[in-house]
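Undergrad: Quick one: this structure, given as structure tokens, is what I'll be asking you about.
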Amino acid sequence: MEGNTAWVLASAALVLFMTPGLAFFYGGMVRSKNVLGMLMQNFFCMGLVSVLWALFVFSLAFGGTGKFIGDFGFVGLKTLGNVKTVIPSYQGDFALVVAPLAFCAFQLMFAIITPALITGATADRMKFRAWVVFLFVWLVLVYAPVAHWVFAPAGWLFKLGALDFAGGTVVHINAGIAALAVILVLGKRKGWPNEQMPPHSLPLTLLGTGILWFGWFGFNAGSALAANGLAAQAFLNTNNAAAAAMLGWLVVERMKGGHATTLGAASGAVAGLVAITPCAGFVGGISPIIIGFVAGAVCFLAIQLKYRFGYDDALDVIGVHLVGGIIGSLMVGLFADKAVNPLGADGLFFGGGASLLGYQAVAVGATLAWSGIISFGLAKIISATIGLRCSDDEEMAGLDLSQHAETAYAYGEIGSMGRAG
Amino acid sequence: MKLITAIIKPFKLDEAKEALRGLGVQGMTVSEVQGFGRQRGHTEVYRGTEYTVDFVPKVRVEVVVDDGDVDRVAGAIVAAARTDKIGDGKVWVTPVEQIIRIRTGEMGPEAL
């Protein structure tokens, strides 16, 4: 119990670190007038989600034994500090072997980064105020139920037999389809796609990628919820899928575009990390390398879709997280192996037939439908009330100045700043 | 020969560039500058205190043209950069004594 708890607490810290990592991954890709706006939308998740989680959202996601949603039994996290407290749906084979509060902290970090993923698609044009409201409501109406369906042993998708080790559906498909729904309401950035909008700092993007890769060890290996061989399996799977996906992306990019780019290496690695997330504790051997390579190659092709269909997915959240999440979730149905994890199942390639693949497809479809519909409706309501999108002048001035009254890079000596008033 | 200098809003650079290309202008130089006119600056907030920043980011476009092209080129920049709001910038024209193309040593209008 103590060793397991130590690993899960360390993993929780690793996963928290992914959110600043994501902020810099995205922040480097936007234009310099919008970098603080991007960092702020991500960092703000650490503030608001943490508080809501403690107040009632943890209870809503993981409390009770209902099929569709938790209850209010752990509101304010009461009694959760006692290591003898049992979270009702975690019994029998699925009994927690870590302190309940460590589990709560670990799951909090997932709830922080999931909505943060959306900000890459909505970059450069969403009002900060609208983001605050969206984040609050989305966490309650979308994140909590989907996490309950898939992660909690009482949830209907868990009971059905769908497997999601660390959040292919709950995190990546969930955020990816929400991103698509919101940008359909939000519209394109001014000037897209004719105007060039190059990343203002690829070094920041690569630094962010490194932090994400590092933090992902907590995300996936921590999801074993124990310090054991399965955690080690998930750890190595995570690393190897990211590595293979980087290669897959670069190979296709080099063949189609002529150059292997640093942004391609970063995006490929993230695509692999996304795809291995649901598989991490169910596959072994060279499966993660195959999964990663396929995800890297397919996600590179998927990011071209926005030009064909005309939706402005600014930083390719849909191409990487939605498509990568779907690939990973379905790959579980092909590559899962009970020799790796006896609580899992055998996939199509490991003698288990097609039934697991079917359950995976149901989990993917349910997440797409629920998150897509609720997110679209929520964006519409915000748009019609407090407004979703910045004014043209605010967008042109950039989010940094218009939303936060700050400038990211105050270079040079001619600022000539004086106290106002 | 004349030097046309335009101070415009940064996001209008693309439109100005396309307008000049459309007129067959062979080259231009752009730089990021800061300044203020009647628009004045803006305010920023640091640690709860509000500061005024006098200088606003602008783009300076410089084009050297033959005397006969001045009105057309300056007019195109004005049309492309205008938003009708305060802070659109200015265009001015100054005489140029000599131009030399470094590679060939050509001088005067031939070097344009």
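Residues in the structure tokens are numbered from 1 in each chain, the chains being A, B, ... in the order shown, and ligands are numbered from 1 in the order shown.
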Using only C-alpha atoms, which chain B residues lie at most 8 Å away from chain A, written as a list in words?
TA: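 Matching residues, ligands excluded from the count: Phe11, Asp14, Thr43, Glu44, Val45, Tyr46, Thr49, Glu50, Tyr51, Thr52, Val53, Asp54 and Phe55 of chain B.
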Undergrad: How would the residues just chosen look if you wrote them out with C-alpha atoms as a PDB file, in the first residue's frame?
TA:
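Once written, result_39.pdb looks like this:
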```pdb
ATOM      1  CA  PHE B  11      -2.136  43.278 -39.710  1.00  0.00           C
ATOM      2  CA  ASP B  14      -0.311  41.560 -46.173  1.00  0.00           C
ATOM      3  CA  THR B  43      -2.472  50.434 -20.834  1.00  0.00           C
ATOM      4  CA  GLU B  44      -0.957  47.262 -19.438  1.00  0.00           C
ATOM      5  CA  VAL B  45      -1.305  45.813 -15.938  1.00  0.00           C
ATOM      6  CA  TYR B  46       1.511  44.335 -13.882  1.00  0.00           C
ATOM      7  CA  THR B  49      -0.723  48.396 -11.131  1.00  0.00           C
ATOM      8  CA  GLU B  50      -1.793  49.921 -14.409  1.00  0.00           C
ATOM      9  CA  TYR B  51       0.856  51.394 -16.678  1.00  0.00           C
ATOM     10  CA  THR B  52       0.506  53.370 -19.858  1.00  0.00           C
ATOM     11  CA  VAL B  53       2.596  52.259 -22.789  1.00  0.00           C
ATOM     12  CA  ASP B  54       3.094  55.185 -25.148  1.00  0.00           C
ATOM     13  CA  PHE B  55       4.459  53.346 -28.147  1.00  0.00           C
TER      14      PHE B  55
END
```
Undergrad: Find the residues around A:Leu368 up to 8 Å (only C-alpha atoms counted), leave out those fewer than 5 positions away in its own chain, and share them as a PyMOL selection string.
TA: chain A and resi 173-174+177
Undergrad: Quick one: residues within 8 Å of A:Thr19, only C-alpha atoms, excluding same-chain residues fewer than 4 positions away - as a PyMOL selection string?
TA: chain A and resi 15+23+42-43+46+112-113+116+212
Undergrad: Can you write just those residues out, C-alpha atoms, as a CSV table (one decimal), in the first residue's frame?
TA:
```csv
chain,number,residue,atom,x,y,z
A,15,VAL,CA,0.6,14.5,-14.8
A,23,ALA,CA,0.7,25.3,-22.5
A,42,ASN,CA,-4.1,26.3,-19.7
A,43,PHE,CA,-2.8,27.5,-16.4
A,46,MET,CA,-5.0,24.2,-12.7
A,112,ILE,CA,-7.1,19.5,-15.4
A,113,ILE,CA,-5.4,18.6,-18.6
A,116,ALA,CA,-6.8,22.3,-21.5
A,212,LEU,CA,4.6,16.2,-22.1
```
Undergrad: Would you pick out the contacts of stretch 255-269 of chain A at 8 Å or less, using only C-alpha atoms, so that residues sharing its chain but fewer than 4 positions from it are not included, and give the list as a PyMOL selection string?
TA: chain A and resi 202+205-206+209+213+241-251+273+296-297+299-300+320
Undergrad: Looking only at strand (DSSP E) from DSSP on the backbone, list the matching residues of stretch 7-108 of chain B as a PyMOL selection string.
TA: chain B and resi 7-8+29-35+42-46+49-53+56-65+89-95
Undergrad: Keeping N, CA and C atoms, export the residues of the selection given above as a JSON list (two decimals), in the first residue's frame.
TA:
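What ended up in again_36.json:
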```json
[["chain", "number", "residue", "atom", "x", "y", "z"],
["B", 7, "ILE", "N", 3.83, 54.12, -42.52],
["B", 7, "ILE", "CA", 3.71, 53.53, -41.19],
["B", 7, "ILE", "C", 2.28, 53.01, -41.09],
["B", 8, "ILE", "N", 2.13, 51.69, -40.97],
["B", 8, "ILE", "CA", 0.77, 51.12, -41.03],
["B", 8, "ILE", "C", 0.55, 50.14, -39.88],
["B", 29, "THR", "N", 11.03, 47.19, -48.45],
["B", 29, "THR", "CA", 11.68, 46.85, -47.20],
["B", 29, "THR", "C", 10.68, 47.10, -46.08],
["B", 30, "VAL", "N", 10.55, 46.14, -45.17],
["B", 30, "VAL", "CA", 9.63, 46.37, -44.05],
["B", 30, "VAL", "C", 10.38, 46.21, -42.74],
["B", 31, "SER", "N", 9.96, 46.94, -41.74],
["B", 31, "SER", "CA", 10.54, 46.78, -40.41],
["B", 31, "SER", "C", 9.46, 46.97, -39.35],
["B", 32, "GLU", "N", 9.67, 46.30, -38.23],
["B", 32, "GLU", "CA", 8.74, 46.48, -37.12],
["B", 32, "GLU", "C", 9.20, 47.66, -36.32],
["B", 33, "VAL", "N", 8.32, 48.61, -36.09],
["B", 33, "VAL", "CA", 8.68, 49.83, -35.37],
["B", 33, "VAL", "C", 7.65, 50.09, -34.28],
["B", 34, "GLN", "N", 7.94, 51.04, -33.43],
["B", 34, "GLN", "CA", 6.98, 51.45, -32.42],
["B", 34, "GLN", "C", 6.85, 52.96, -32.45],
["B", 35, "GLY", "N", 5.68, 53.44, -32.16],
["B", 35, "GLY", "CA", 5.53, 54.89, -32.14],
["B", 35, "GLY", "C", 4.13, 55.27, -31.74],
["B", 42, "HIS", "N", -1.50, 52.48, -25.08],
["B", 42, "HIS", "CA", -2.50, 51.65, -24.43],
["B", 42, "HIS", "C", -2.05, 51.40, -23.00],
["B", 43, "THR", "N", -2.87, 50.71, -22.22],
["B", 43, "THR", "CA", -2.47, 50.43, -20.83],
["B", 43, "THR", "C", -2.20, 48.94, -20.65],
["B", 44, "GLU", "N", -1.23, 48.64, -19.82],
["B", 44, "GLU", "CA", -0.96, 47.26, -19.44],
["B", 44, "GLU", "C", -0.96, 47.19, -17.91],
["B", 45, "VAL", "N", -1.20, 45.98, -17.39],
["B", 45, "VAL", "CA", -1.31, 45.81, -15.94],
["B", 45, "VAL", "C", -0.23, 44.85, -15.46],
["B", 46, "TYR", "N", 0.55, 45.25, -14.49],
["B", 46, "TYR", "CA", 1.51, 44.33, -13.88],
["B", 46, "TYR", "C", 1.39, 44.38, -12.37],
["B", 49, "THR", "N", -0.89, 46.98, -10.83],
["B", 49, "THR", "CA", -0.72, 48.40, -11.13],
["B", 49, "THR", "C", -0.85, 48.61, -12.64],
["B", 50, "GLU", "N", -1.59, 49.65, -12.99],
["B", 50, "GLU", "CA", -1.79, 49.92, -14.41],
["B", 50, "GLU", "C", -0.72, 50.87, -14.92],
["B", 51, "TYR", "N", -0.15, 50.54, -16.06],
["B", 51, "TYR", "CA", 0.86, 51.39, -16.68],
["B", 51, "TYR", "C", 0.38, 51.81, -18.06],
["B", 52, "THR", "N", 0.80, 53.00, -18.48],
["B", 52, "THR", "CA", 0.51, 53.37, -19.86],
["B", 52, "THR", "C", 1.74, 53.08, -20.70],
["B", 53, "VAL", "N", 1.51, 52.50, -21.85],
["B", 53, "VAL", "CA", 2.60, 52.26, -22.79],
["B", 53, "VAL", "C", 2.37, 53.20, -23.96],
["B", 56, "VAL", "N", 3.05, 52.24, -29.71],
["B", 56, "VAL", "CA", 2.22, 51.17, -30.24],
["B", 56, "VAL", "C", 2.98, 50.48, -31.37],
["B", 57, "PRO", "N", 2.93, 49.16, -31.47],
["B", 57, "PRO", "CA", 3.63, 48.48, -32.56],
["B", 57, "PRO", "C", 3.04, 48.83, -33.93],
["B", 58, "LYS", "N", 3.91, 49.13, -34.87],
["B", 58, "LYS", "CA", 3.50, 49.43, -36.25],
["B", 58, "LYS", "C", 4.49, 48.77, -37.19],
["B", 59, "VAL", "N", 4.13, 48.75, -38.46],
["B", 59, "VAL", "CA", 5.06, 48.27, -39.48],
["B", 59, "VAL", "C", 5.41, 49.43, -40.39],
["B", 60, "ARG", "N", 6.72, 49.60, -40.67],
["B", 60, "ARG", "CA", 7.16, 50.62, -41.62],
["B", 60, "ARG", "C", 7.48, 49.95, -42.95],
["B", 61, "VAL", "N", 6.86, 50.45, -44.02],
["B", 61, "VAL", "CA", 7.09, 49.92, -45.36],
["B", 61, "VAL", "C", 7.83, 50.99, -46.15],
["B", 62, "GLU", "N", 8.94, 50.63, -46.78],
["B", 62, "GLU", "CA", 9.68, 51.59, -47.58],
["B", 62, "GLU", "C", 9.80, 51.08, -49.01],
["B", 63, "VAL", "N", 9.46, 51.95, -49.95],
["B", 63, "VAL", "CA", 9.52, 51.59, -51.37],
["B", 63, "VAL", "C", 10.13, 52.76, -52.13],
["B", 64, "VAL", "N", 11.09, 52.49, -52.99],
["B", 64, "VAL", "CA", 11.63, 53.54, -53.85],
["B", 64, "VAL", "C", 11.04, 53.36, -55.23],
["B", 65, "VAL", "N", 10.47, 54.44, -55.79],
["B", 65, "VAL", "CA", 9.81, 54.33, -57.10],
["B", 65, "VAL", "C", 10.23, 55.49, -58.00],
["B", 89, "GLY", "N", -2.24, 55.12, -39.37],
["B", 89, "GLY", "CA", -0.86, 55.43, -39.74],
["B", 89, "GLY", "C", -0.73, 56.56, -40.75],
["B", 90, "LYS", "N", 0.45, 56.65, -41.35],
["B", 90, "LYS", "CA", 0.74, 57.76, -42.28],
["B", 90, "LYS", "C", 1.62, 57.27, -43.41],
["B", 91, "VAL", "N", 1.59, 58.04, -44.52],
["B", 91, "VAL", "CA", 2.48, 57.78, -45.65],
["B", 91, "VAL", "C", 3.14, 59.11, -46.01],
["B", 92, "TRP", "N", 4.45, 59.10, -46.20],
["B", 92, "TRP", "CA", 5.10, 60.32, -46.69],
["B", 92, "TRP", "C", 6.09, 59.99, -47.79],
["B", 93, "VAL", "N", 6.41, 61.03, -48.57],
["B", 93, "VAL", "CA", 7.23, 60.85, -49.77],
["B", 93, "VAL", "C", 8.43, 61.79, -49.67],
["B", 94, "THR", "N", 9.63, 61.25, -49.92],
["B", 94, "THR", "CA", 10.84, 62.09, -49.88],
["B", 94, "THR", "C", 11.65, 61.86, -51.16],
["B", 95, "PRO", "N", 12.34, 62.89, -51.62],
["B", 95, "PRO", "CA", 13.15, 62.74, -52.83],
["B", 95, "PRO", "C", 14.38, 61.88, -52.56]]
```
Undergrad: What's the 10 Å shell around B:Lys17, counting only C-alpha atoms, without same-chain residues fewer than 4 positions away, as a list in words?
TA: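 These residues fall inside the cut-off: Lys12, Leu13, Arg21, Gly22, Val25, Gly27, Met28, Val30, Val61, Ala76, Ile77, Ala80 and Ala81 of chain B.
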Undergrad: Can you tell me which residues surround B:Val96 at a distance of at most 7 Å, considering only C-alpha atoms, apart from same-chain residues fewer than 2 positions away, and format the answer as a ChimeraX atom specification?
TA: /B:1-3,94,98
Undergrad: Hey, can you check how far atom CA of A:Ala144 sits from atom CA of A:Leu60?
TA: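 Separation between atom CA of A:Ala144 and atom CA of A:Leu60: 6.1 Å.
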Undergrad: Which one is closest to B:Ile4: B:Leu23, B:Met107, B:Ala16, B:Ala74? Count only C-alpha atoms.
TA: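 Selected residue with least distance to B:Ile4: B:Ala74.
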Undergrad: Could you give me, as a compact mmCIF listing (two decimals) with C-alpha atoms, in the first residue's frame, the residues within 9 Å of B:Glu110, counting only C-alpha atoms and dropping anything in the same chain fewer than 3 positions from it?
TA:
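Saved file out_15.txt follows:
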```
# COMPACT_ATOMS: atom_id res chain seq x y z
CA ILE B 99 20.30 54.60 -56.28
CA ILE B 100 22.97 51.99 -57.01
CA ARG B 101 22.36 48.27 -57.51
CA GLU B 106 23.75 50.17 -62.29
CA MET B 107 22.66 53.65 -61.23
```
Undergrad: Name the closest residue to A:Pro153 among the candidates A:Phe94, A:Phe134, A:Phe58, A:Tyr409; distances are taken between atoms, counting only C-alpha atoms.
TA: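 Among the listed residues, A:Phe94 lies closest to A:Pro153.
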Undergrad: From the options B:Asp88, B:Glu97, B:Asp67, B:Glu18, which residue's atoms come nearest to B:Arg38, counting only C-alpha atoms?
TA: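 Of all the options, B:Asp88 lies closest to B:Arg38.
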Undergrad: For the atom pair atom CA of A:Asn341 and atom CA of A:Ala162, what is the interatomic distance in Å to one decimal place?
TA: 14.2 Å
